[in-house]
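Heads up, the thing below is written out as structure tokens.
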Amino acid sequence: MAGSSLMETFFQRTLEDLIKGLRLQLIGESASISKAMDEIRREIKSTDPHTKSTALQKLSYLSSLYFYDMSWASFHVVEVMSSTRFAHKRIAYHAASHSFDESTPVLVLITNQLRKDLTSTNELEVSLALECLSRIATVDLASDLTPEVFTLLSSSKVFVRKKAIGVVLRVFEKYPDSVRVCFKRLVENLEGSDSQILSVTVGVFCELASKDPRSYLPLAPEFYRILVDSRNNWVLIKVLKIFAKLAALEPRLAKKVVEPICDHMKRTGAKSLMFECIRTVVTSLADYESAVKLAVTKIRELLIDDDPNLKYLALQALSIVAPNHLWAVVENKEVVIKSLSDGDPSIKLESLRLVMMMVSESNVAEISRVLLNYALKSDPEFCNEILGSILSTCCRNVYEIIIDFDWYVSLLGEMSRIPHCQKGDEIEKQLIDIGMRVNDVKLELVRVARDLLIDPALLGNPFLHRILSAAAWVSGEYVEFSRNPFELVEALLQPRTNLLPPLIRAVYLQSAFKVLVFCLHSYLLQSGIVASTTCPDNLAPNVLEVLSDKDHPEGTDLAPHDASAHSKQEEGFNPRVLNQSSEDLPIEYGEEASAGHGQAATVDSLERNNFNYESIMNMLNLIELAVAPLLGSLDVEVQERAGNMLSFIELVRKKMLDSLAQKEDSLDRDRTEVSEIIEMMNDAFSNELGPVSVTAQLRVPVPDGLLLKQNLEDLETICPDVQPPSLNSFSFGSLHSEERDGDSLPILPKKEESQSSNESTSLLSEHRKRHGLYYLPSEKNEIGSNDYPPANDLKSESNMNYDAEDLVKLTDLSLVPKTKPNHAKTRPVVVKLDEGDQWPLAAKLQPKEASLSGAVRDVLLGSDTKSLSQSKPSDESSNRRKGKEKLNVDSPSESKEKLDDVEQRDGENPSSRKTKHHKHGKERRHRSTGNVVDKGDENVQKGMQNSSHRHGKHKARQKTDVAMNVVPQTQVIPDFLL
Amino acid sequence: MIRAVMVINTQGKPRLAKFYDIQAVEKQRELIRSVYGVLCSRADNVCNFIEAESFFGPDTRIVYKHFATLYFVFVFDSSENELAMLDLIQVFVETLDKCFKNVCELDMVFNYSKMHTILDEIIFGGQVLETSSTEVMKAVEEISKCSISFSLSECVCWRLPQMLYRLSRNLFRAGGVDSMEFEVIG
């Protein structure tokens, strides 16, 4: 040893010195650590094993508690591991299990070291190696060391054996083929008398069964014996967990275990065991009334206990019971509601969940009221939990439990005003969604939106911006329900809107634009520019023009959905407005202030009288004043919309209002032109939007030559500078190509006309951009006669009756369906899409899960059958390879099929089996139901002889064991359970 | 399965951290920090369970116990019983107490290896291995005995002088270190 390194070694700081140094903090923590790291780097290269191991110990300390990377030292770990001294080994194994992972390159070097230590006579060394293996075993390590683990499984030393049992879990997981070798021994350990061994073994089976319960059904008798005999709470808890899984699969088993479980529940003094019994009953034995009743009484005991832990768990148990036995929750209602004000956040959350489970159509209003008041008083976090759960409960299954939508919409408005509210996204979504789905609620919706918009204080809260954006959109889209559009325009353009982010600002502008168009249009109608008699005639071509615009080459964004229905609707709508404005005016005049929740039609007429020349001019001025500065906005969206709006105003002001200023009798060309433009704009905006099926895009057939699944990774290497398109524009693109399907048919012939009005086209395409609400006709619509789900069945039905001629009848008709629901509070029509409201999540996740558990199951179930016929001593390794390959190749459906076959094997005759199993023909062909046991037995023993070195002693035991295992295997559930 | 065991002091410093599913060190730091963030905001008389799905993924729970200046935290999934885990923390702390005679935070600071040895005898690869603290004690004592045995010649020629040197150094510094320790305890 060189002098310097000798000195270094002599004066080396130990871990204790290092810790003391860190605690003294003479030079600051990070400085002293980096000094220590320098030392370590030097010392770890030392040839003296003691110095080296001390350095490694210090390093793993720093890595474990100060989170310094130590992957660079992995080779040193391996070196120290090979030391003969136990103390050094211990340090190295600890370092290895702390720092190694699957990708550590030196892992391949430790196989032999591990093997040596696993077969060591020193049980402490064996235990070190097992411990390490349980953490870092990879596929290769697991497969190479399976024989050693197998040997240790029947070690006479309990200290080693229990760890070997523990390591089996990791080995099975990494290398399923080892099941064939080790499974028998594992089961043997289940029968042993040693309680330590038993508890570890049951733990392993619990872990295995939690991943794939079905495979362990054959072991049910063993577990049942433990359940009845054992007095060890740890063991019983684990066995209960296993039965919770198994009983769900096999009703006969459930019947068998329900009694002992209830026994335990009644007798045990240990709360942990009692709770596990309760949980098992409520999760898996919920069909057994008496057991559930007993469990609920026990839950009640826990619920009123002073210990918050028990209370929390009892609430959790209740929430498991709730879906099947709501009475259990209702019985304990007081406690649950009282827990809402508990000091413990976990308990509060649980009880909130339970309260939400009790919500039904009849009590949703009450409960929400109570909770909302409670939310006002509670801390921000819990307040948002409450809001979130109200929102998610109410929107469940397309607002299933909501009857009174007016109430719900105003509740949403109220929620937005709660100071801590951070649920902007969800409220935004629901406001828009309700608007599209429920026609009858639009009036209230617009009122709520207005209240939100005109409050300047709300603009300062960034959490509300999303809600405000929804409010702006709603009030623009359904402006015809608004009581005072002028007020709306003012609200949308108030100075404080500059606090909004640009995207939402753009929504505000667009809404203001819609309101403006609506006002102008109403004004025109009112002042009789568009003569009432000519209106329908004028309209028809206009509508067609507008619709053909939609098909314009540059503006293919929006699906021109149900053109015919809408043209009808518009025809219906416009005359109605006209009619009201001219006829109802005198009657309703002056009632403006009486707010009320009157019907839309009345409100429509209410503010018609405001549309006079001055008010329109005022509005135009206001808009010009407020919007002009936005032309310089940095945001493209805002800038463009501002530009559109201003040029539209300019157009209108120049052409129309000047001519209007002259006397009305001069019906010149200008005026009609202007009215046509406005008419057209109005039509563009009055198209109803419907809800969009989540799966809409899935229905779009992929055009030929478009490879959606092509891997574009190499694109980055080719042109690294080019940014990939943002999500937004991507979805744009994919929608574009496919948007016109069946519904565009009536439009196609009109394509030539699309050139006719350029201004409105650009505006229209902008209109299409609003809110990213693109939608596609659903498949059903294309095939069937139905159009895209109408916003409201009632309306479209009545629209059929609307005819240009009988205007008088119209008012009545439009009044009737709108007033009735409001007074009688019957549930309004809520548009539901046939299938597309939820993602088909479950279906998508299935295959992956199935392939995993299917593979495990295959191996586990096959553990008897395959090892019986297959594992010959000579080609163990080749078997292993084969097994591995098969595992990877097996498709989920295949393995499932196999499983089924295995289960019903005894019912079938051999020939049919052969055909089904043509893939594994070789393994199973020679088997007939008669000699399964004998043949299998022989082969298993051969296999075992190969892998174990102590076969003689165990032979007899193996024999009985195999027999035991095969019998339940073939019958799946043994007789005594039936 | 038990996913992780942590001992964190009330200032948020980790005193012991063991993750049974492999995590990168950075991730470990982050997890410990976020667990501490939740723990330190909890009052004393509340329940010992926390949902941990936001940190450790689906189907995970945290149970913790607060002793003096330390939080003992176990992270586990649905194949463990909550109350049993609480008991297991008790077993762990009891064993520590037996090993160190009235265990305090300082013992945990200076006995890094021993802590791990004890823990490894209780939990093995995420499985509960042993629930009796006497059994654990027995195993730990045997391991420590085995760890300090030197060969005689090595002892005399090399380790003895080194130990003497260290002893003298420690004696020399003892005053300062001790006062420091008292400060920390206080």
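Residues are referred to by chain and number: the chain letter is A, B, ... according to the order shown in the structure tokens, the number counts from 1 in that chain, and ligands are numbered separately from 1 in the order shown.
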Which residues in chain B does DSSP call strand (DSSP E or B)? List them as a PDB file with C-alpha atoms, in the first residue's frame.
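Result saved to selection_26.pdb:
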```pdb
ATOM      1  CA  ILE B   2     -45.711  -1.484   1.542  1.00  0.00           C
ATOM      2  CA  ARG B   3     -44.369   1.019  -0.930  1.00  0.00           C
ATOM      3  CA  ALA B   4     -42.164   3.145   1.238  1.00  0.00           C
ATOM      4  CA  VAL B   5     -41.081   3.848   4.778  1.00  0.00           C
ATOM      5  CA  MET B   6     -39.963   7.272   5.826  1.00  0.00           C
ATOM      6  CA  VAL B   7     -38.943   8.907   9.018  1.00  0.00           C
ATOM      7  CA  ILE B   8     -39.011  12.658   8.757  1.00  0.00           C
ATOM      8  CA  ASN B   9     -38.388  15.098  11.539  1.00  0.00           C
ATOM      9  CA  PRO B  14     -35.491  12.895   6.329  1.00  0.00           C
ATOM     10  CA  ARG B  15     -33.934  10.614   8.922  1.00  0.00           C
ATOM     11  CA  LEU B  16     -34.695   7.366   7.145  1.00  0.00           C
ATOM     12  CA  ALA B  17     -36.087   6.699   3.718  1.00  0.00           C
ATOM     13  CA  LYS B  18     -36.652   3.381   2.081  1.00  0.00           C
ATOM     14  CA  PHE B  19     -38.604   2.919  -1.113  1.00  0.00           C
ATOM     15  CA  PHE B  49     -54.492   8.182   7.439  1.00  0.00           C
ATOM     16  CA  ILE B  50     -53.991  10.270   4.357  1.00  0.00           C
ATOM     17  CA  GLU B  51     -54.840   9.468   0.808  1.00  0.00           C
ATOM     18  CA  ARG B  61     -52.440   5.385   1.292  1.00  0.00           C
ATOM     19  CA  ILE B  62     -50.264   6.917   3.915  1.00  0.00           C
ATOM     20  CA  VAL B  63     -50.338   6.124   7.567  1.00  0.00           C
ATOM     21  CA  TYR B  64     -48.171   8.113   9.896  1.00  0.00           C
ATOM     22  CA  LYS B  65     -47.468   8.497  13.545  1.00  0.00           C
ATOM     23  CA  HIS B  66     -46.018  11.478  15.265  1.00  0.00           C
ATOM     24  CA  PHE B  67     -43.521  10.815  18.065  1.00  0.00           C
ATOM     25  CA  LEU B  70     -40.365  12.644  14.306  1.00  0.00           C
ATOM     26  CA  TYR B  71     -42.993  11.508  11.860  1.00  0.00           C
ATOM     27  CA  PHE B  72     -42.967   7.812  11.044  1.00  0.00           C
ATOM     28  CA  VAL B  73     -44.609   7.346   7.683  1.00  0.00           C
ATOM     29  CA  PHE B  74     -45.608   4.148   5.900  1.00  0.00           C
ATOM     30  CA  VAL B  75     -46.936   4.210   2.373  1.00  0.00           C
ATOM     31  CA  PHE B  76     -48.928   1.156   1.354  1.00  0.00           C
ATOM     32  CA  ILE B 123     -40.278  -5.364   6.233  1.00  0.00           C
ATOM     33  CA  PHE B 124     -38.809  -7.397   3.422  1.00  0.00           C
ATOM     34  CA  GLN B 127     -43.831  -7.526   2.671  1.00  0.00           C
ATOM     35  CA  VAL B 128     -44.372  -7.643   6.405  1.00  0.00           C
TER      36      VAL B 128
END
```
For this session: Specify as a ChimeraX atom specification all residues of chain A found within 8 Å of chain B, counting only C-alpha atoms.
Result: /A:10-11,16,19-20,24,61,63-65,67-69,86-87,98,101,124,131,134-135,162-163,166-167,196,199-200,203-204,206-207,210,234,237-238,241,271-272,276,307-309,312,343-344,346-347
Problem set entry | Neighbour list for Gly12 of chain B as a PyMOL selection string, cut-off 10 Å, only C-alpha atoms, skip fewer than 6 positions in-chain | chain B and resi 32-37+39-40+70-71
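Computed from the coordinates, the atom CA of Phe75 of chain A to atom CA of Gln57 of chain A distance equals 14.3 Å.
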For this session: Just the alpha helix (DSSP H) stuff from segment 263-393 of chain A, please, per backbone DSSP, written as a PyMOL selection string.
Result: chain A and resi 263-267+271-284+289-303+308-321+326-331+333-339+345-358+364-377+380-393
Exercise. How far is it from atom CA of Glu673 of chain A to atom CA of Lys655 of chain A, in Å with one decimal?
Worked result: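 For atom CA of Glu673 of chain A relative to atom CA of Lys655 of chain A, the distance reads 8.5 Å.
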Exercise. Do you know which residues are at most 8 Å from Ser133 of chain B counting only C-alpha atoms, after dropping those on the same chain fewer than 3 positions away, and could you put them as a PyMOL selection string?
Worked result: chain B and resi 91-92+94-95+130+136-137
Selected residues, N, CA and C atoms, written as an mmCIF file, in the first residue's frame, please.
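So again.cif came out as:
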```
data_model
loop_
_atom_site.group_PDB
_atom_site.id
_atom_site.type_symbol
_atom_site.label_atom_id
_atom_site.label_comp_id
_atom_site.auth_asym_id
_atom_site.auth_seq_id
_atom_site.Cartn_x
_atom_site.Cartn_y
_atom_site.Cartn_z
ATOM 1 N N VAL B 91 -44.631 -1.370 16.197
ATOM 2 C CA VAL B 91 -43.612 -2.411 16.331
ATOM 3 C C VAL B 91 -42.230 -1.846 16.019
ATOM 4 N N PHE B 92 -42.160 -1.100 14.944
ATOM 5 C CA PHE B 92 -40.893 -0.506 14.518
ATOM 6 C C PHE B 92 -40.339 0.406 15.613
ATOM 7 N N GLU B 94 -41.109 0.493 18.767
ATOM 8 C CA GLU B 94 -40.781 -0.267 19.968
ATOM 9 C C GLU B 94 -39.419 -0.923 19.840
ATOM 10 N N THR B 95 -39.178 -1.508 18.668
ATOM 11 C CA THR B 95 -37.894 -2.170 18.446
ATOM 12 C C THR B 95 -36.754 -1.160 18.543
ATOM 13 N N GLU B 130 -41.912 -9.666 9.896
ATOM 14 C CA GLU B 130 -41.889 -10.043 11.302
ATOM 15 C C GLU B 130 -42.631 -8.975 12.105
ATOM 16 N N VAL B 136 -37.180 -9.547 16.115
ATOM 17 C CA VAL B 136 -36.372 -8.598 15.357
ATOM 18 C C VAL B 136 -35.096 -8.272 16.109
ATOM 19 N N MET B 137 -35.241 -8.035 17.404
ATOM 20 C CA MET B 137 -34.069 -7.719 18.236
ATOM 21 C C MET B 137 -33.022 -8.813 18.135
#
```
